[in-house]
Amino acid sequence: MKKRALISVSNKQNIVAFAKGLVELDYEIISTGGTLKTLMDANVPAVAVEQVTGFPEILNGRVKTLHPNVHGGLLAKRVDQDHMKQLRENHIEPFDLVVVNLYPFKQTLEKEGVSAEEIIENIDIGGPTMLRSAAKNFNDVMVVVDPADYDLALKSLRNESITFKFRQRLAAKVFRHTANYDAMIANYFLTETGEKFPESYTVTYEKAQTLRYGENPHQEAAFYKNPLQNGMSLATAKQLHGKELSYNNIQDANAALEILAEYNEPTAVAVKHMNPCGIGMGETIAEAFQLAYDADPISIFGGIVALNREVDSQTAAMLKDIFLEIVLAPSFTEEALAVLTQKKNIRLLALEMSSTDVTSYKLTTVHGGALIQSKDNGFIKEGELEAVTTRLPSEKELQDLLFAWKAVKHVKSNAIVLAKGKQTIGIGAGQMNRVGAAKIAIEQAAEKASGSVMASDAFFPMPDTVEEATRAGVTAIIQPGGSKRDQDSIDVCNQHGIAMVFTGMRHFKH
Ligand SMILES: NC(=O)c1ncn([C@@H]2O[C@H](COP(=O)(O)O)[C@@H](O)[C@H]2O)c1NC=O
């Protein structure tokens, strides 16, 4: 008996060559409408699936292969005498090979101005059903879902080297593929219904690259992209120069992007171990970078720098003299590229910057599960600040307070940021007590601390941090407020003529 292949593909790329190869191997090909036409047009002999089902394609293609004559032929176990007897009794012939790829749901979703109706019509039903039937019965049926596997499949068929393992791998790929496809559909419906934390949470990622190693050389790692991400994405950033990104590079670049998303004016940020070590804002991007650099010329060594404007030759000349892992910006001028590409090891990344996706959720795995929360999109406007001290901040202090508040949100808790003139001058990150973070920030700022402002990511449980600030010469403080002992901190401020404002919003970052 001739071997039978069932072919039904939306993406018709390379299908003719594959089908021709199958015909040479004496396969009988059964196909659905559009696929059949493609094959016939290329003179590949094939039979319409209607001849197998004895039923016309109905409901505009919603039902074409959903039939026992198809699924019986896919699911029957060859070693099971009873299965084979039932096939004979019902005049069903088994299939040996299934080649299916699905309606382009994702591409439809991404189409501009697409209607809900078109999206729904692009949910493939018959395709996944065939794929799943064949994959379940992989012991007897070979299933190919990815056009990239056509050559390998054909080669194996020619050499008659189809092993159990090979068919199993193809089946495994099918279940990943249908799970990914369904996850995208589930996500679409989640957006439509506005449900936040459904009874099960389905995420899907697609491999962007295998990484050399993870956070440390003994850890394995890969980078997966979100297939539904619109706008800013590190997976689609253009690498213009330098060796492959590492796991830590991607984490740091992400931290830098989150920080830059806070600022509209020309801003530069230097990041080390996912904390900013310097943030500067200026009239030009060169000025901004100079400030970010001067903020901490030691910690920037081996760090990454992200800028929210095109890198020009002036900025490139400054960047060139520092050892940096990555420079990340929306674009680079030709001259800037000529300067920076002289450095073999620096990675240059161009990435269109937009505000980070405010609807997205952050997922952290823990033993036994995952924590999911909305991103920290908290943003305080000037008018929302509550002045709590006798002295109110001056206009200059106010601008620095808002600048420092945006920065402290992105520093690991407990976090204290000292800033002056739209420049961070001291950052205390990740300390187990707040006063410790303040001491680090003050020591970093040294003599610059005098006349600076201070931001704290959470309230002061006691007045010790404010006392440190007064000794350093800090003139204004921004913090959430809400401690039982707020008044103690306010009193210290009033005694020293410090202006303090409350945001009413905390920015823990663990
Ligand atoms: N409904 C069905 O019975 C059915 N059977 C196969 N399909 C899909 O139809 C597509 C191929 O259609 P055509 O050969 O007509 O271009 C494939 O993506 C396949 O997954 C179906 N379509 C969707 O559900």
# chains A, B, ... in the order shown; residues from 1 in each chain; ligands from 1
$ closest_atom_pairs --of "chain A" --to "ligand 1" --cutoff "10 Å" --atoms "only C-alpha atoms and all ligand atoms" --output "tab-separated table"
residue	atom	partner	partner_atom_place_in_ligand_line	distance
A:Ile7	CA	ligand 1	14 (O)	7.7
A:Ser8	CA	ligand 1	11 (C)	4.5
A:Val9	CA	ligand 1	17 (C)	4.2
A:Ser10	CA	ligand 1	18 (O)	4.0
A:Asn11	CA	ligand 1	18 (O)	7.3
A:Lys12	CA	ligand 1	16 (O)	8.0
A:Ser31	CA	ligand 1	14 (O)	6.5
A:Thr32	CA	ligand 1	14 (O)	4.1
A:Gly33	CA	ligand 1	15 (O)	3.9
A:Gly34	CA	ligand 1	16 (O)	3.4
A:Thr35	CA	ligand 1	14 (O)	3.7
A:Leu36	CA	ligand 1	14 (O)	6.2
A:Lys37	CA	ligand 1	14 (O)	7.9
A:Thr38	CA	ligand 1	14 (O)	8.5
A:Leu39	CA	ligand 1	14 (O)	9.9
A:Ala48	CA	ligand 1	14 (O)	9.7
A:Val49	CA	ligand 1	5 (N)	9.4
A:Glu57	CA	ligand 1	3 (O)	7.8
A:Ile58	CA	ligand 1	1 (N)	8.6
A:Leu59	CA	ligand 1	1 (N)	8.7
A:Asn60	CA	ligand 1	1 (N)	8.8
A:Gly61	CA	ligand 1	1 (N)	5.5
A:Arg62	CA	ligand 1	1 (N)	4.0
A:Val63	CA	ligand 1	1 (N)	3.8
A:Lys64	CA	ligand 1	3 (O)	3.5
A:Thr65	CA	ligand 1	3 (O)	3.7
A:Leu66	CA	ligand 1	3 (O)	4.6
A:His67	CA	ligand 1	3 (O)	7.9
A:Val70	CA	ligand 1	3 (O)	9.8
A:Val99	CA	ligand 1	20 (O)	9.3
A:Val100	CA	ligand 1	20 (O)	5.7
A:Asn101	CA	ligand 1	18 (O)	5.0
A:Leu102	CA	ligand 1	18 (O)	3.7
A:Tyr103	CA	ligand 1	18 (O)	4.5
A:Pro104	CA	ligand 1	18 (O)	7.8
A:Glu121	CA	ligand 1	23 (C)	8.3
A:Asn122	CA	ligand 1	23 (C)	7.8
A:Ile123	CA	ligand 1	24 (O)	6.8
A:Asp124	CA	ligand 1	24 (O)	3.9
A:Ile125	CA	ligand 1	24 (O)	3.5
A:Gly126	CA	ligand 1	4 (C)	3.4
A:Gly127	CA	ligand 1	20 (O)	3.1
A:Pro128	CA	ligand 1	20 (O)	6.4
A:Thr129	CA	ligand 1	5 (N)	8.1
A:Met130	CA	ligand 1	5 (N)	7.5
A:Leu131	CA	ligand 1	20 (O)	8.4
A:Val145	CA	ligand 1	20 (O)	9.8
$ write_last_selection --atoms "C-alpha atoms" --output "short mmCIF file (atom, residue, chain, number, x, y, z; two decimals), in the first residue's frame"
data_model
loop_
_atom_site.label_atom_id
_atom_site.label_comp_id
_atom_site.auth_asym_id
_atom_site.auth_seq_id
_atom_site.Cartn_x
_atom_site.Cartn_y
_atom_site.Cartn_z
CA ILE A 7 -0.50 18.38 3.72
CA SER A 8 -2.39 21.50 4.84
CA VAL A 9 -0.30 24.64 5.18
CA SER A 10 -0.96 28.36 5.49
CA ASN A 11 2.68 29.23 4.92
CA LYS A 12 3.23 27.68 1.51
CA SER A 31 -4.40 18.25 0.65
CA THR A 32 -6.80 21.05 1.59
CA GLY A 33 -8.09 23.75 -0.83
CA GLY A 34 -5.34 26.37 -1.06
CA THR A 35 -2.51 23.91 -0.51
CA LEU A 36 -3.96 21.57 -3.13
CA LYS A 37 -4.10 24.42 -5.64
CA THR A 38 -0.47 25.37 -4.95
CA LEU A 39 0.62 21.79 -5.49
CA ALA A 48 -8.43 16.79 -2.36
CA VAL A 49 -9.19 16.05 1.28
CA GLU A 57 -15.32 22.05 2.93
CA ILE A 58 -17.98 24.10 4.79
CA LEU A 59 -18.41 27.30 6.81
CA ASN A 60 -15.77 29.17 4.78
CA GLY A 61 -13.09 26.67 5.73
CA ARG A 62 -13.99 26.44 9.41
CA VAL A 63 -14.59 22.74 8.77
CA LYS A 64 -12.45 20.94 6.22
CA THR A 65 -10.36 18.25 7.91
CA LEU A 66 -12.36 17.74 11.10
CA HIS A 67 -13.60 14.28 10.15
CA VAL A 70 -8.90 12.07 8.72
CA VAL A 99 2.62 18.48 7.28
CA VAL A 100 0.64 21.33 8.78
CA ASN A 101 1.31 24.91 9.68
CA LEU A 102 -1.32 27.17 11.16
CA TYR A 103 -3.33 30.24 10.27
CA PRO A 104 -1.14 33.29 10.95
CA GLU A 121 -11.16 33.85 11.81
CA ASN A 122 -7.42 33.39 12.13
CA ILE A 123 -7.74 31.07 15.08
CA ASP A 124 -6.89 27.76 13.46
CA ILE A 125 -8.97 24.83 14.69
CA GLY A 126 -8.51 22.03 12.19
CA GLY A 127 -4.74 22.52 11.93
CA PRO A 128 -3.89 22.14 15.62
CA THR A 129 -6.30 19.20 15.79
CA MET A 130 -4.44 17.37 13.03
CA LEU A 131 -1.10 18.28 14.54
CA VAL A 145 5.03 21.69 11.75
#
$ residues_around --residues "region 329-335 of chain A" --least-positions-apart "3" --cutoff "12 Å" --atoms "only C-alpha atoms" --output "PyMOL selection string"
chain A and resi 232-234+237-241+253+256-257+260+266-269+285+289+304-317+326+338-342+347-354
$ select_by_dssp --residues "region 164-342 of chain A" --states "alpha helix (DSSP H)" --output "PyMOL selection string"
chain A and resi 164-193+247-260+285-295+313-320+334-340
$ residues_around --residues "Lys412 (chain A)" --least-positions-apart "4" --cutoff "10 Å" --atoms "only C-alpha atoms" --output "list in words"
Met274, Asn275, Pro276, Val408, Ile416, Gly428, Ala429, Gly430, Gln431, Asp457, His507, Phe508, Lys509 and His510 of chain A
$ write_last_selection --atoms "C-alpha atoms" --output "PDB file, in the first residue's frame"
ATOM      1  CA  MET A 274      21.373  46.682  37.478  1.00  0.00           C
ATOM      2  CA  ASN A 275      21.727  49.810  39.604  1.00  0.00           C
ATOM      3  CA  PRO A 276      22.418  53.240  38.177  1.00  0.00           C
ATOM      4  CA  VAL A 408      15.644  56.345  43.360  1.00  0.00           C
ATOM      5  CA  ILE A 416      19.027  56.741  48.833  1.00  0.00           C
ATOM      6  CA  GLY A 428      23.298  54.139  48.155  1.00  0.00           C
ATOM      7  CA  ALA A 429      21.804  50.877  46.895  1.00  0.00           C
ATOM      8  CA  GLY A 430      20.580  47.606  48.319  1.00  0.00           C
ATOM      9  CA  GLN A 431      21.322  48.227  51.992  1.00  0.00           C
ATOM     10  CA  ASP A 457      12.560  55.085  48.145  1.00  0.00           C
ATOM     11  CA  HIS A 507       9.166  52.625  45.331  1.00  0.00           C
ATOM     12  CA  PHE A 508      10.581  49.469  46.867  1.00  0.00           C
ATOM     13  CA  LYS A 509      12.685  47.504  44.408  1.00  0.00           C
ATOM     14  CA  HIS A 510      13.897  44.180  45.726  1.00  0.00           C
TER      15      HIS A 510
END
$ residues_around --residues "region 163-175 of chain A" --least-positions-apart "3" --cutoff "8 Å" --atoms "only C-alpha atoms" --output "list in words"
Leu131, Arg132, Ala134, Ala135, Lys136, Phe138, Asn139, Val141, Met142, Val143, Val144, Val145, Thr178 and Ala179 of chain A
$ write_last_selection --atoms "N, CA and C atoms" --output "compact mmCIF listing (two decimals), in the first residue's frame"
# COMPACT_ATOMS: atom_id res chain seq x y z
N LEU A 131 -2.45 18.34 13.97
CA LEU A 131 -1.10 18.28 14.54
C LEU A 131 -1.07 17.46 15.82
N ARG A 132 -2.06 17.72 16.67
CA ARG A 132 -2.10 17.03 17.97
C ARG A 132 -2.38 15.54 17.79
N ALA A 134 -1.63 13.67 15.16
CA ALA A 134 -0.42 13.04 14.61
C ALA A 134 0.68 12.97 15.66
N ALA A 135 0.79 14.05 16.46
CA ALA A 135 1.87 14.08 17.46
C ALA A 135 1.60 13.06 18.57
N LYS A 136 0.33 12.90 18.93
CA LYS A 136 0.00 11.89 19.95
C LYS A 136 0.40 10.50 19.42
N PHE A 138 2.81 9.69 17.44
CA PHE A 138 4.11 9.86 16.76
C PHE A 138 4.83 8.53 16.54
N ASN A 139 4.42 7.51 17.26
CA ASN A 139 5.03 6.20 17.07
C ASN A 139 4.80 5.70 15.64
N VAL A 141 3.14 7.97 13.15
CA VAL A 141 2.96 9.07 12.20
C VAL A 141 4.06 10.11 12.41
N MET A 142 4.65 10.54 11.30
CA MET A 142 5.66 11.60 11.41
C MET A 142 4.95 12.93 11.16
N VAL A 143 5.26 13.92 11.99
CA VAL A 143 4.54 15.19 11.88
C VAL A 143 5.54 16.35 11.76
N VAL A 144 5.31 17.18 10.76
CA VAL A 144 6.23 18.31 10.52
C VAL A 144 5.44 19.61 10.57
N VAL A 145 5.75 20.42 11.59
CA VAL A 145 5.03 21.69 11.75
C VAL A 145 5.86 22.88 11.28
N THR A 178 1.81 24.29 19.39
CA THR A 178 0.38 24.53 19.64
C THR A 178 0.19 25.24 20.98
N ALA A 179 1.06 24.94 21.95
CA ALA A 179 0.96 25.63 23.25
C ALA A 179 1.27 27.12 23.07
$ select_by_dssp --residues "region 298-359 of chain A" --states "strand (DSSP E or B)" --output "VMD selection string"
chain A and resid 303 to 307 311 324 to 329 332 347 to 350
$ atom_distance --atom1 "CA of His496 (chain A)" --atom2 "CA of Ile478 (chain A)"
15.6 Å
$ residues_around --residues "region 71-80 of chain A" --least-positions-apart "2" --cutoff "7 Å" --atoms "only C-alpha atoms" --output "NGL selection string"
:A and (67-69 or 82-84 or 92-95 or 133-134 or 137 or 140)
$ write_last_selection --atoms "N, CA and C atoms" --output "CSV table (one decimal), in the first residue's frame"
chain,number,residue,atom,x,y,z
A,67,HIS,N,-12.8,15.4,10.6
A,67,HIS,CA,-13.6,14.3,10.2
A,67,HIS,C,-12.9,13.0,10.6
A,68,PRO,N,-13.8,12.0,11.0
A,68,PRO,CA,-13.2,10.7,11.4
A,68,PRO,C,-12.3,10.0,10.4
A,69,ASN,N,-12.6,10.3,9.1
A,69,ASN,CA,-11.8,9.7,8.0
A,69,ASN,C,-10.3,10.2,8.1
A,82,ASP,N,-7.1,-4.3,16.9
A,82,ASP,CA,-8.5,-3.8,17.0
A,82,ASP,C,-8.6,-2.5,16.3
A,83,HIS,N,-7.6,-1.6,16.5
A,83,HIS,CA,-7.6,-0.3,15.8
A,83,HIS,C,-7.7,-0.5,14.3
A,84,MET,N,-6.8,-1.4,13.8
A,84,MET,CA,-6.7,-1.6,12.3
A,84,MET,C,-7.9,-2.2,11.8
A,92,ILE,N,-11.4,3.4,6.4
A,92,ILE,CA,-10.4,4.5,6.6
A,92,ILE,C,-9.0,4.1,6.4
A,93,GLU,N,-8.2,4.9,5.7
A,93,GLU,CA,-6.8,4.5,5.5
A,93,GLU,C,-5.9,5.3,6.4
A,94,PRO,N,-4.9,4.7,6.9
A,94,PRO,CA,-4.0,5.4,7.8
A,94,PRO,C,-3.1,6.4,7.1
A,95,PHE,N,-2.7,7.5,7.8
A,95,PHE,CA,-1.7,8.4,7.3
A,95,PHE,C,-0.3,8.1,7.9
A,133,SER,N,-3.3,15.2,16.9
A,133,SER,CA,-3.6,13.8,16.6
A,133,SER,C,-2.3,13.1,16.1
A,134,ALA,N,-1.6,13.7,15.2
A,134,ALA,CA,-0.4,13.0,14.6
A,134,ALA,C,0.7,13.0,15.7
A,137,ASN,N,0.2,10.3,18.1
A,137,ASN,CA,0.5,9.0,17.5
A,137,ASN,C,1.8,9.0,16.8
A,140,ASP,N,3.7,6.1,15.1
A,140,ASP,CA,3.3,5.6,13.7
A,140,ASP,C,3.3,6.7,12.7
$ closest_residue --among "A:Thr424, A:Ser161, A:Thr202, A:Thr390" --to "Gly497 (chain A)" --atoms "only C-alpha atoms"
A:Thr390
$ atom_distance --atom1 "CA of His177 (chain A)" --atom2 "CA of Leu97 (chain A)"
17.5 Å
